[in-house]
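> Got a file for you: coords.cif, mmCIF, C-alpha atoms.
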```
data_input
#
loop_
_atom_site.label_atom_id
_atom_site.label_comp_id
_atom_site.auth_asym_id
_atom_site.auth_seq_id
_atom_site.Cartn_x
_atom_site.Cartn_y
_atom_site.Cartn_z
CA GLU Y 1 0.00 0.00 0.00
CA PRO Y 2 1.40 3.43 -0.90
CA GLU Y 3 2.60 5.52 2.02
CA VAL Y 4 3.34 9.09 2.93
CA THR Y 5 6.99 9.29 3.90
CA GLN Y 6 8.59 11.96 6.04
CA THR Y 7 12.21 12.84 6.64
CA PRO Y 8 13.97 13.17 8.93
CA SER Y 9 12.28 11.17 11.64
CA HIS Y 10 13.90 13.35 14.28
CA GLN Y 11 15.35 16.84 13.93
CA VAL Y 12 17.13 18.71 16.68
CA THR Y 13 17.81 22.39 16.15
CA GLN Y 14 18.74 25.44 18.12
CA MET Y 15 16.33 28.27 18.75
CA GLY Y 16 16.42 30.80 15.94
CA GLN Y 17 17.58 28.33 13.32
CA GLU Y 18 15.67 27.47 10.16
CA VAL Y 19 14.40 23.96 9.63
CA ILE Y 20 12.87 22.25 6.63
CA LEU Y 21 10.73 19.20 7.13
CA ARG Y 22 10.25 17.03 4.10
CA CYS Y 23 7.41 14.86 2.93
CA VAL Y 24 6.70 12.68 -0.06
CA PRO Y 25 2.92 12.38 -0.41
CA ILE Y 26 1.20 9.49 -2.14
CA SER Y 27 1.80 9.95 -5.84
CA ASN Y 28 -1.73 10.34 -7.18
CA HIS Y 29 -2.94 12.55 -4.34
CA LEU Y 30 -3.77 16.15 -5.01
CA TYR Y 31 -4.21 17.68 -1.55
CA PHE Y 32 -1.44 18.03 0.98
CA TYR Y 33 -1.48 18.98 4.63
CA TRP Y 34 0.72 19.66 7.61
CA TYR Y 35 -0.43 18.99 11.14
CA ARG Y 36 1.49 19.13 14.38
CA GLN Y 37 1.12 17.49 17.75
CA ILE Y 38 2.79 18.84 20.83
CA LEU Y 39 3.63 16.04 23.27
CA GLY Y 40 0.52 14.90 25.10
CA GLN Y 41 -1.78 17.22 23.21
CA LYS Y 42 -4.14 16.89 20.29
CA VAL Y 43 -3.32 16.90 16.60
CA GLU Y 44 -3.49 20.49 15.31
CA PHE Y 45 -4.11 21.58 11.74
CA LEU Y 46 -1.46 23.88 10.28
CA VAL Y 47 -2.05 24.22 6.56
CA SER Y 48 -3.53 22.63 3.47
CA PHE Y 49 -2.17 22.94 -0.03
CA TYR Y 50 -3.70 22.33 -3.42
CA ASN Y 51 -2.76 23.27 -6.95
CA ASN Y 52 0.49 24.84 -5.80
CA GLU Y 53 -1.06 27.21 -3.33
CA ILE Y 54 -2.25 27.30 0.25
CA SER Y 55 -6.00 26.65 0.46
CA GLU Y 56 -6.43 26.91 4.24
CA LYS Y 57 -4.24 27.74 7.17
CA SER Y 58 -4.67 27.96 10.90
CA GLU Y 59 -3.72 30.76 13.26
CA ILE Y 60 -0.67 28.70 14.20
CA PHE Y 61 0.65 29.00 10.65
CA ASP Y 62 2.11 32.50 10.95
CA ASP Y 63 4.81 34.23 8.94
CA GLN Y 64 7.46 31.95 10.39
CA PHE Y 65 6.00 29.03 8.48
CA SER Y 66 5.94 28.36 4.76
CA VAL Y 67 5.18 25.41 2.54
CA GLU Y 68 6.41 24.49 -0.86
CA ARG Y 69 6.08 21.79 -3.45
CA PRO Y 70 9.45 22.25 -5.13
CA ASP Y 71 9.03 19.39 -7.57
CA GLY Y 72 6.47 16.78 -8.50
CA SER Y 73 7.02 14.62 -5.46
CA ASN Y 74 8.17 16.57 -2.41
CA PHE Y 75 6.15 18.77 -0.07
CA THR Y 76 8.07 20.77 2.50
CA LEU Y 77 7.36 22.76 5.63
CA LYS Y 78 9.85 25.46 6.53
CA ILE Y 79 10.10 27.16 9.88
CA ARG Y 80 12.26 30.24 9.45
CA SER Y 81 13.32 30.98 13.00
CA THR Y 82 12.42 28.20 15.38
CA LYS Y 83 11.15 28.84 18.88
CA LEU Y 84 11.14 26.50 21.85
CA GLU Y 85 7.37 26.15 21.52
CA ASP Y 86 7.76 24.78 17.99
CA SER Y 87 8.95 21.51 19.50
CA ALA Y 88 6.39 18.93 18.41
CA MET Y 89 5.68 16.04 16.08
CA TYR Y 90 4.95 17.35 12.61
CA PHE Y 91 2.76 15.17 10.44
CA CYS Y 92 2.37 15.44 6.72
CA ALA Y 93 -0.77 14.07 5.10
CA SER Y 94 -2.22 13.78 1.64
CA SER Y 95 -5.60 12.95 0.17
CA GLU Y 96 -7.13 12.33 -3.22
CA VAL Y 97 -9.83 14.96 -2.86
CA THR Y 98 -10.84 17.44 -0.19
CA GLN Y 99 -10.86 15.88 3.24
CA GLY Y 100 -14.34 15.17 4.48
CA ALA Y 101 -15.66 14.26 1.08
CA LYS Y 102 -16.56 10.66 0.61
CA ASN Y 103 -13.72 8.24 0.00
CA SER Y 104 -11.05 10.83 0.57
CA PRO Y 105 -9.44 10.07 3.92
CA LEU Y 106 -6.20 11.65 4.96
CA HIS Y 107 -3.13 9.46 4.73
CA PHE Y 108 -0.57 10.49 7.31
CA GLY Y 109 3.14 9.95 7.48
CA ASN Y 110 4.77 8.86 10.72
CA GLY Y 111 5.96 12.34 11.45
CA THR Y 112 9.11 14.28 12.18
CA ARG Y 113 9.87 14.90 15.81
CA LEU Y 114 11.24 18.44 16.01
CA THR Y 115 13.16 19.36 19.14
CA VAL Y 116 14.15 22.99 19.55
CA THR Y 117 16.79 23.63 22.20
CA LEU X 1 -17.12 23.32 11.43
CA ALA X 2 -19.05 20.82 13.50
CA LYS X 3 -17.66 20.36 16.99
CA THR X 4 -17.29 16.82 18.26
CA THR X 5 -17.42 15.44 21.79
CA GLN X 6 -16.03 12.05 22.75
CA PRO X 7 -15.24 10.33 26.05
CA ILE X 8 -11.70 11.02 27.14
CA SER X 9 -10.86 7.39 27.82
CA MET X 10 -12.25 3.87 27.89
CA ASP X 11 -10.90 0.61 29.25
CA SER X 12 -11.69 -2.78 27.81
CA TYR X 13 -10.44 -6.36 27.83
CA GLU X 14 -9.18 -8.54 25.05
CA GLY X 15 -11.94 -10.16 23.05
CA GLN X 16 -14.57 -7.61 24.03
CA GLU X 17 -16.41 -5.25 21.73
CA VAL X 18 -15.60 -1.58 22.20
CA ASN X 19 -18.10 1.10 21.29
CA ILE X 20 -17.08 4.75 21.21
CA THR X 21 -19.78 7.34 20.75
CA CYS X 22 -19.10 10.76 19.33
CA SER X 23 -21.55 13.66 19.58
CA HIS X 24 -21.74 16.17 16.75
CA ASN X 25 -24.95 18.09 17.34
CA ASN X 26 -24.32 20.79 14.74
CA ILE X 27 -23.36 18.48 11.90
CA ALA X 28 -24.13 20.03 8.52
CA THR X 29 -26.02 18.39 5.68
CA ASN X 30 -22.89 17.84 3.60
CA ASP X 31 -20.67 16.63 6.45
CA TYR X 32 -19.18 13.16 6.54
CA ILE X 33 -18.05 11.43 9.72
CA THR X 34 -14.56 9.97 9.72
CA TRP X 35 -12.71 8.04 12.40
CA TYR X 36 -8.96 7.80 12.81
CA GLN X 37 -6.75 5.71 15.08
CA GLN X 38 -3.41 6.91 16.43
CA PHE X 39 -0.71 4.85 18.11
CA PRO X 40 2.03 6.58 20.13
CA SER X 41 4.66 8.27 17.96
CA GLN X 42 2.75 7.50 14.78
CA GLY X 43 0.52 9.51 12.49
CA PRO X 44 -3.24 9.04 12.63
CA ARG X 45 -4.57 6.23 10.49
CA PHE X 46 -7.93 6.21 8.72
CA ILE X 47 -10.36 3.61 10.06
CA ILE X 48 -13.77 4.26 8.60
CA GLN X 49 -16.01 6.94 7.13
CA GLY X 50 -19.77 7.26 6.81
CA TYR X 51 -22.62 9.60 6.08
CA LYS X 52 -25.66 7.82 7.46
CA THR X 53 -26.93 4.44 8.69
CA LYS X 54 -24.26 1.76 9.02
CA VAL X 55 -20.89 1.24 7.42
CA THR X 56 -18.72 -1.81 7.98
CA ASN X 57 -15.23 -2.69 6.86
CA GLU X 58 -12.67 -5.27 7.89
CA VAL X 59 -11.62 -3.23 10.89
CA ALA X 60 -14.72 -1.62 12.38
CA SER X 61 -18.35 -0.66 12.04
CA LEU X 62 -19.79 2.81 12.16
CA PHE X 63 -23.36 3.39 13.26
CA ILE X 64 -25.03 6.70 12.47
CA PRO X 65 -28.61 7.36 13.60
CA ALA X 66 -31.12 9.09 11.37
CA ASP X 67 -30.58 12.54 12.94
CA ARG X 68 -26.79 12.19 12.44
CA LYS X 69 -26.12 14.09 15.66
CA SER X 70 -23.94 11.29 16.93
CA SER X 71 -22.05 8.30 15.65
CA THR X 72 -20.68 5.15 17.25
CA LEU X 73 -17.48 3.42 16.26
CA SER X 74 -17.61 -0.27 17.07
CA LEU X 75 -14.43 -2.33 17.32
CA PRO X 76 -15.26 -6.05 17.49
CA ARG X 77 -13.20 -8.38 19.65
CA VAL X 78 -10.38 -6.00 20.49
CA SER X 79 -6.84 -7.13 21.09
CA LEU X 80 -3.99 -5.51 23.00
CA SER X 81 -2.79 -3.94 19.75
CA ASP X 82 -6.01 -1.92 19.51
CA THR X 83 -4.82 0.22 22.41
CA ALA X 84 -4.70 3.67 20.82
CA VAL X 85 -6.38 7.05 20.65
CA TYR X 86 -9.47 7.17 18.44
CA TYR X 87 -10.59 10.42 16.85
CA CYS X 88 -13.97 11.34 15.42
CA LEU X 89 -13.90 14.07 12.78
CA VAL X 90 -16.74 15.76 10.98
CA GLY X 91 -16.38 17.83 7.87
CA SER X 92 -17.14 18.35 4.22
CA LYS X 93 -15.82 19.92 1.08
CA ALA X 94 -17.98 22.96 1.86
CA ALA X 95 -16.07 23.43 5.11
CA GLY X 96 -12.79 23.65 3.29
CA ASN X 97 -9.61 21.79 4.02
CA LYS X 98 -9.36 22.59 7.70
CA LEU X 99 -10.48 19.37 9.33
CA THR X 100 -9.80 19.58 13.04
CA PHE X 101 -8.96 16.82 15.45
CA GLY X 102 -10.53 16.90 18.89
CA GLY X 103 -9.09 15.33 21.98
CA GLY X 104 -9.97 11.80 20.94
CA THR X 105 -10.77 8.78 23.08
CA ARG X 106 -7.88 6.89 24.63
CA VAL X 107 -8.77 3.19 24.55
CA LEU X 108 -6.79 0.86 26.76
CA VAL X 109 -7.21 -2.84 26.10
CA LYS X 110 -6.17 -5.00 29.02
CA PRO X 111 -5.25 -8.69 28.94
#
```
Turn the structure described in the file into structure tokens.


Amino acid sequence: EPEVTQTPSHQVTQMGQEVILRCVPISNHLYFYWYRQILGQKVEFLVSFYNNEISEKSEIFDDQFSVERPDGSNFTLKIRSTKLEDSAMYFCASSEVTQGAKNSPLHFGNGTRLTVT
Amino acid sequence: LAKTTQPISMDSYEGQEVNITCSHNNIATNDYITWYQQFPSQGPRFIIQGYKTKVTNEVASLFIPADRKSSTLSLPRVSLSDTAVYYCLVGSKAAGNKLTFGGGTRVLVKP
């Protein structure tokens, strides 16, 4: 079964540094998402992306965050200047059509654990 | 976006059936109900989706009453490996791509 893959599995960075989290969505999927989960808390929506542009974003997704689909396979999340509170698991997901529509579940990767020191 | 309410946690024993009910009183006409399972340090995994009545797959069943204000995920004969957090999500294309996870239900299956 096709999978969403994320790299790296664990990223440690210093406060103020830039990080790029990488994802390879399932190849025939058209919608891409980033979620995050702070340890012990719920999964939070960050951003959705379709047709090479952001379609929705949450209040968490401020100017420090950006997403890009640099080629036909990768989908990246960049945090320009990391803060301690950015430490979390970051999950990438993809779907065939808009989430919530029939037969279009989100397929999640296993995440990147970001630790900001 | 429809808000969902689920029990925070449930305990069960191996071989039992586990039923988790989710309330979504303000569900919209176009909304679908989707359940995900999450193991520690893994991404959520799709279990089942439905719109009304009953849906069954190889993993679970989903029961949705006529008013659609709630739904019940049924896990038959659970095993220890079913210990996870289960999330109920409600949304539709009309609501955009901002599907939100609630707190979920932490299910602990005991031997």

> Choose the residue, out of Y:Val116, Y:Leu39, Y:Leu106, Y:Ile54, that has the smallest atom-to-atom separation from Ser94 in chain Y; count all atoms listed in the file.

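The answer is Y:Leu106, which sits nearest to Ser94 in chain Y.
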
> Just checking: using only C-alpha atoms, which residue out of X:Ala84, X:Ile8, X:Val109, X:Leu73 ends up closest to Pro40 in chain X?

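Distance minimum relative to Pro40 in chain X lands on X:Ala84.
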
> For chain Y, list the residues within 10 Å of chain X, counting only C-alpha atoms, and write the list as an MDAnalysis selection string.

chainID Y and resid 4 31:33 35:37 39:50 54:58 89:93 97:113

> What is the distance, in Å and to one decimal place, between CA of Ala60 in chain X and CA of Ser74 in chain X?

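Distance reported for this atom pair: 5.7 Å.
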
> Between Y:Leu77, Y:Val12, Y:Ile38, Y:Leu30, which residue has the minimum interatomic distance to Leu114 in chain Y, considering only C-alpha atoms?

Y:Val12

> One number please: CA of Met10 in chain X to CA of Leu62 in chain X, in Å, one decimal.

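So the two atoms, CA of Met10 in chain X and CA of Leu62 in chain X, lie 17.5 Å apart.
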
> What is the distance between CA of Ser27 in chain Y and CA of Phe75 in chain Y, in Å to one decimal?

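These two atoms are separated by 11.4 Å.
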
> With the PyMOL selection byres ((chain Y and resi 65) around 9) as the selection, what would be picked from this file? Answer as an mmCIF file with C-alpha atoms, in the coordinates of the input, please.


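Wrote it out as selection.cif, contents follow:
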```cif
data_model
loop_
_atom_site.group_PDB
_atom_site.id
_atom_site.type_symbol
_atom_site.label_atom_id
_atom_site.label_comp_id
_atom_site.auth_asym_id
_atom_site.auth_seq_id
_atom_site.Cartn_x
_atom_site.Cartn_y
_atom_site.Cartn_z
ATOM 1 C CA ILE Y 60 -0.670 28.700 14.200
ATOM 2 C CA PHE Y 61 0.650 29.000 10.650
ATOM 3 C CA ASP Y 62 2.110 32.500 10.950
ATOM 4 C CA ASP Y 63 4.810 34.230 8.940
ATOM 5 C CA GLN Y 64 7.460 31.950 10.390
ATOM 6 C CA SER Y 66 5.940 28.360 4.760
ATOM 7 C CA VAL Y 67 5.180 25.410 2.540
ATOM 8 C CA LEU Y 77 7.360 22.760 5.630
ATOM 9 C CA LYS Y 78 9.850 25.460 6.530
ATOM 10 C CA ILE Y 79 10.100 27.160 9.880
ATOM 11 C CA ARG Y 80 12.260 30.240 9.450
ATOM 12 C CA SER Y 81 13.320 30.980 13.000
#
```

> From the list X:Gln37, X:Thr29, X:Thr105, X:Asn57, which residue is nearest Lys69 in chain X when using all atoms listed in the file?

X:Thr29

> I need the residue nearest Ser61 in chain X from this list: X:Pro7, X:Phe39, X:Thr21, X:Leu108. Use only C-alpha atoms for the distance.

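Among the listed residues, the smallest separation from Ser61 in chain X belongs to X:Thr21.
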
> Between X:Ser81, X:Pro76, X:Thr53, X:Ala28, single out the one closest to Gln16 in chain X, counting all atoms listed in the file.

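Checking each of X:Ser81, X:Pro76, X:Thr53, X:Ala28 against Gln16 in chain X, counting all atoms listed in the file, the winner is X:Pro76.
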
> Expand the PyMOL selection byres ((chain X and resi 68) around 9) into the individual residues it matches in the shown file, reporting them as a VMD selection string.

chain X and resid 23 to 25 27 51 to 53 64 to 67 69 to 71
